Every structure is written in C-alpha cells, then in structure tokens.
Amino acid sequence: MAWTRWVLTAGSWLKRALPGYCAFCLSSHARIEGWCDECFALLKHNDAGCPRCKEPLTSFDHQTSARLCGHCLSAPPAFTVTTAEYLYDGAVKALVRDFKFQASPRAGTLLVELMLAKPPAQLGQALLPVPMYPGRARERGFNQAHWLAHELSQRLSLPLLGATCIKQLPSQRTLGRRQRAANLKGAFRLSAPLPAHLTIIDDVVTTGATAHELARLALEQGAERVDLWAPARTPLGNS
C-alpha cells in the first residue's frame with residue numbers, strides 16, 4: 001500500500017515519464033485507461049451496494065425488498081439512483097485524497113476513467129457538480145466535483161450545469177447523517193430551467209446528505225428525476 005500511495009502521489013510527472021505503464025503497479029501491461037487488468041480486479045468494487053444510495057449491503061440486507069438499505073426504505077433520499085462503483089478504501093481512497101488535497105491531475109484523470117469504466121445504466125440529460133462555498137474553493141484552489149463533471153461532460157457530450165453554495169458550511173467529514181442534513185438546509189441555489197433527468201456529480205458519497213439537498217431543490221424547480229454519480233462510496237460503518 002505504501003508503494004501504491006507513492007506512485008499515486010507522484011502526479012503528472014509519472015504520466016509524462018512512464019506512458020503506457022499501470023498507475024498502480026507500474027507494470028507495462030496497462031490498458032489505455034491507465035491501469036492493468038490485475039490491479040483493476042484488486043480494487044474494492046462496490047458491487048453489492050444499495051441501488052438508491054450505494055451504501056454497501058450486508059448479507060442480511062440482501063433479503064430486504066428490492067435490495068434497498070434500511071435507511072432508503074425508511075427515509076428515501078430525493079435522488080433515485082446512485083452510481084458509486086468503488087469503495088472509498090485502498091488505492092481508490094489514495095487516488096481521491098491525492099486529487100482532492102494535492103490537486104493531482106493524474107489522479108483526477110484516473111478517477112474519471114474509473115467512473116467511465118462502470119457508468120450509470122441511465123445517464124441524465126445534464127451534469128450538475130456539487131458546488132463549493134467560494135471561500136472554501138479559493139482556499140483549496142479548485143472544486144474537485146466541478147473538475148470531474150467538466151471532464152465527464154466533455155467525454156460524454158453532456159451539458160454542464162451550475163449551482164451556487166451560499167452558506168459557509170463547517171467540515172462535514174466528522175458529522176453524522178442528521179447533522180449534515182441540518183447544516184445543508186438552505187445552502188444551495190440552482191439556475192433554472194432544469195432538464196427532466198439530472199445527474200449530480202461528486203467525488204465521494206458518504207451519507208448522501210449533500211446530494212439529497214441538491215436533488216430536493218432540483219425537483220422543486222422542475223426536474224423529474226435526479227441521480228447521483230461519484231467514483232467512490234464510504235464503506236458501511238464509516239459514515
């Protein structure tokens with residue numbers, strides 16, 4: 001894992017110095033996406049996630065109606081389907097962190113390729129990145145969700161819509177589901193008109209509270225269906 005993390009942190013110079021090599025193990029058997037088949041198979045794939053929020057399901061959860069998790073059965077989010085096909089763990093976690101906190105374009109490009117390797121069954125008519133409060137964006141230097149959405153919009157020829165975060169939010173990483181939801185009330189503004197089917201883009205799905213608030217607002221403003229698409233989902237018990 002330490003070797004993998006070093007490789008990922010190497011950033012754009014690695015892309016220039018080692019074209020055609022796997023970003024995870026440095027083998028020369030990389031596919032055009034940037035990794036070898038063996039490393040792709042070893043990623044933590046989220047194949048058994050709840051179709052609505054993509055929370056990883058236990059064997060007991062598999063017996064529930066339509067394979068939905070308990071939270072989505074009792075309090076369904078405003079979005080309909082989540083596509084987050086990798087767990088926020090191991091090499092994928094290292095990629096997300098290198099992209100988010102080191103602004104590595106190599107890591108961001110690999111995340112886009114991982115998303116396109118396992119895309120949604122139904123794409124929306126436009127992409128909406130999760131917005132960031134302007135002060136936070138200036139502090140970090142970029143909005144990682146917007147970067148991913150922009151790259152995906154170019155690759156998929158889909159319009160890129162915008163939302164505004166008008167409320168300075170405390171860090172959500174240490175908060176539970178209810179605290180996140182309370183913080184997000186009234187945090188966003190959307191520009192109309194919206195398409196009937198909209199896809200929200202984020203870097204990681206934790207509780208889904210942010211996407212829920214954006215989706216709720218989009219539905220209020222005329223959208224008929226809102227989905228969520230991100231590279232990774234926080235494993236069960238970590239949200």
# chains A, B, ... in the order shown; residues from 1 in each chain; ligands from 1

$ residues_around --residues "Trp147 of chain A" --least-positions-apart "5" --cutoff "10 Å" --atoms "only C-alpha atoms" --output "PyMOL selection string"
chain A and resi 105+108-109+112+129+142+152-153+201-203

$ write_last_selection --atoms "N, CA, C and O atoms" --output "compact mmCIF listing (two decimals), in the first residue's frame"
# COMPACT_ATOMS: atom_id res chain seq x y z
N PRO A 105 -3.67 16.25 -11.28
CA PRO A 105 -4.46 15.99 -12.48
C PRO A 105 -4.40 14.54 -12.91
O PRO A 105 -5.35 14.03 -13.49
N GLY A 108 -6.99 12.81 -10.83
CA GLY A 108 -8.32 13.17 -11.32
C GLY A 108 -8.66 12.45 -12.62
O GLY A 108 -9.79 11.97 -12.79
N THR A 109 -7.71 12.37 -13.53
CA THR A 109 -7.95 11.69 -14.80
C THR A 109 -8.24 10.21 -14.58
O THR A 109 -9.13 9.64 -15.21
N VAL A 112 -11.81 9.81 -13.35
CA VAL A 112 -12.76 9.92 -14.46
C VAL A 112 -12.79 8.59 -15.24
O VAL A 112 -13.87 8.08 -15.59
N PRO A 129 -22.36 19.43 -10.94
CA PRO A 129 -21.38 19.18 -9.87
C PRO A 129 -21.84 19.78 -8.55
O PRO A 129 -22.47 20.84 -8.52
N PHE A 142 -9.46 24.72 -6.12
CA PHE A 142 -10.36 24.23 -7.15
C PHE A 142 -11.49 23.44 -6.50
O PHE A 142 -11.41 23.07 -5.33
N LEU A 152 -16.15 14.82 -17.52
CA LEU A 152 -17.20 13.88 -17.96
C LEU A 152 -18.10 14.51 -19.01
O LEU A 152 -18.50 13.84 -19.97
N SER A 153 -18.41 15.79 -18.85
CA SER A 153 -19.27 16.45 -19.83
C SER A 153 -18.59 16.49 -21.20
O SER A 153 -19.26 16.35 -22.23
N ILE A 201 -22.86 15.20 -9.75
CA ILE A 201 -21.51 14.64 -9.71
C ILE A 201 -20.82 15.06 -8.42
O ILE A 201 -20.80 16.25 -8.07
N ASP A 202 -20.24 14.08 -7.72
CA ASP A 202 -19.44 14.37 -6.52
C ASP A 202 -18.22 13.45 -6.54
O ASP A 202 -18.14 12.54 -7.37
N ASP A 203 -17.28 13.69 -5.62
CA ASP A 203 -16.08 12.84 -5.60
C ASP A 203 -16.25 11.61 -4.73
O ASP A 203 -15.76 10.54 -5.06

$ residues_around --residues "segment 83-91 of chain A" --least-positions-apart "5" --cutoff "6 Å" --atoms "only C-alpha atoms" --output "list in words"
Lys44, His45, Asn46, Pro120, Trp229, Ala230, Pro231, Ala232, Arg233 and Thr234 of chain A

$ closest_residue --among "A:Val130, A:Leu57, A:Cys50, A:Ala196" --to "Cys72 of chain A" --atoms "only C-alpha atoms"
A:Cys50

$ residues_around --residues "Leu219 of chain A" --least-positions-apart "6" --cutoff "9 Å" --atoms "only C-alpha atoms" --output "PDB file with N, CA, C and O atoms, in the first residue's frame"
ATOM      1  N   ALA A  78     -33.885  12.134  -1.952  1.00  0.00           N
ATOM      2  CA  ALA A  78     -34.558  12.761  -3.095  1.00  0.00           C
ATOM      3  C   ALA A  78     -34.020  12.265  -4.429  1.00  0.00           C
ATOM      4  O   ALA A  78     -34.706  12.358  -5.439  1.00  0.00           O
ATOM      5  N   ARG A 225     -36.440  13.724 -12.338  1.00  0.00           N
ATOM      6  CA  ARG A 225     -35.617  12.661 -11.754  1.00  0.00           C
ATOM      7  C   ARG A 225     -34.200  13.194 -11.586  1.00  0.00           C
ATOM      8  O   ARG A 225     -33.664  13.873 -12.452  1.00  0.00           O
ATOM      9  N   VAL A 226     -33.598  12.882 -10.426  1.00  0.00           N
ATOM     10  CA  VAL A 226     -32.219  13.274 -10.152  1.00  0.00           C
ATOM     11  C   VAL A 226     -31.460  12.044  -9.668  1.00  0.00           C
ATOM     12  O   VAL A 226     -31.925  11.323  -8.776  1.00  0.00           O
TER      13      VAL A 226
END

$ residues_around --residues "Ala187 of chain A" --least-positions-apart "6" --cutoff "6 Å" --atoms "only C-alpha atoms" --output "list in words"
Cys165, Ile166 and Lys167 of chain A

$ write_last_selection --atoms "C-alpha atoms" --output "CSV table (one decimal), in the first residue's frame"
chain,number,residue,atom,x,y,z
A,165,CYS,CA,-23.3,27.3,-2.4
A,166,ILE,CA,-24.4,30.4,-0.5
A,167,LYS,CA,-23.8,29.1,3.1

$ atom_distance --atom1 "atom CA of Ser157 of chain A" --atom2 "atom CA of Ala103 of chain A"
24.4 Å

$ residues_around --residues "Leu128 of chain A" --least-positions-apart "3" --cutoff "7 Å" --atoms "only C-alpha atoms" --output "CSV table (one decimal) with N, CA, C and O atoms, in the first residue's frame"
chain,number,residue,atom,x,y,z
A,160,LEU,N,-23.1,20.9,-18.9
A,160,LEU,CA,-22.6,21.1,-17.6
A,160,LEU,C,-23.4,22.2,-16.9
A,160,LEU,O,-23.3,23.4,-17.4
A,161,LEU,N,-24.2,22.0,-15.9
A,161,LEU,CA,-25.0,23.0,-15.2
A,161,LEU,C,-24.2,23.5,-14.0
A,161,LEU,O,-23.3,22.9,-13.6
A,162,GLY,N,-24.7,24.5,-13.4
A,162,GLY,CA,-24.1,25.1,-12.3
A,162,GLY,C,-25.0,25.3,-11.1
A,162,GLY,O,-26.2,25.6,-11.3
A,199,THR,N,-28.1,14.5,-13.5
A,199,THR,CA,-27.2,13.7,-12.7
A,199,THR,C,-26.2,14.6,-11.9
A,199,THR,O,-25.5,15.4,-12.5
A,200,ILE,N,-26.2,14.4,-10.6
A,200,ILE,CA,-25.3,15.1,-9.7
A,200,ILE,C,-23.9,14.4,-9.7
A,200,ILE,O,-23.9,13.2,-9.6
A,201,ILE,N,-22.9,15.2,-9.8
A,201,ILE,CA,-21.5,14.6,-9.7
A,201,ILE,C,-20.8,15.1,-8.4
A,201,ILE,O,-20.8,16.2,-8.1

$ closest_residue --among "A:Gly208, A:Gly20, A:Pro193, A:Gly70" --to "Thr82 of chain A" --atoms "only C-alpha atoms"
A:Gly208
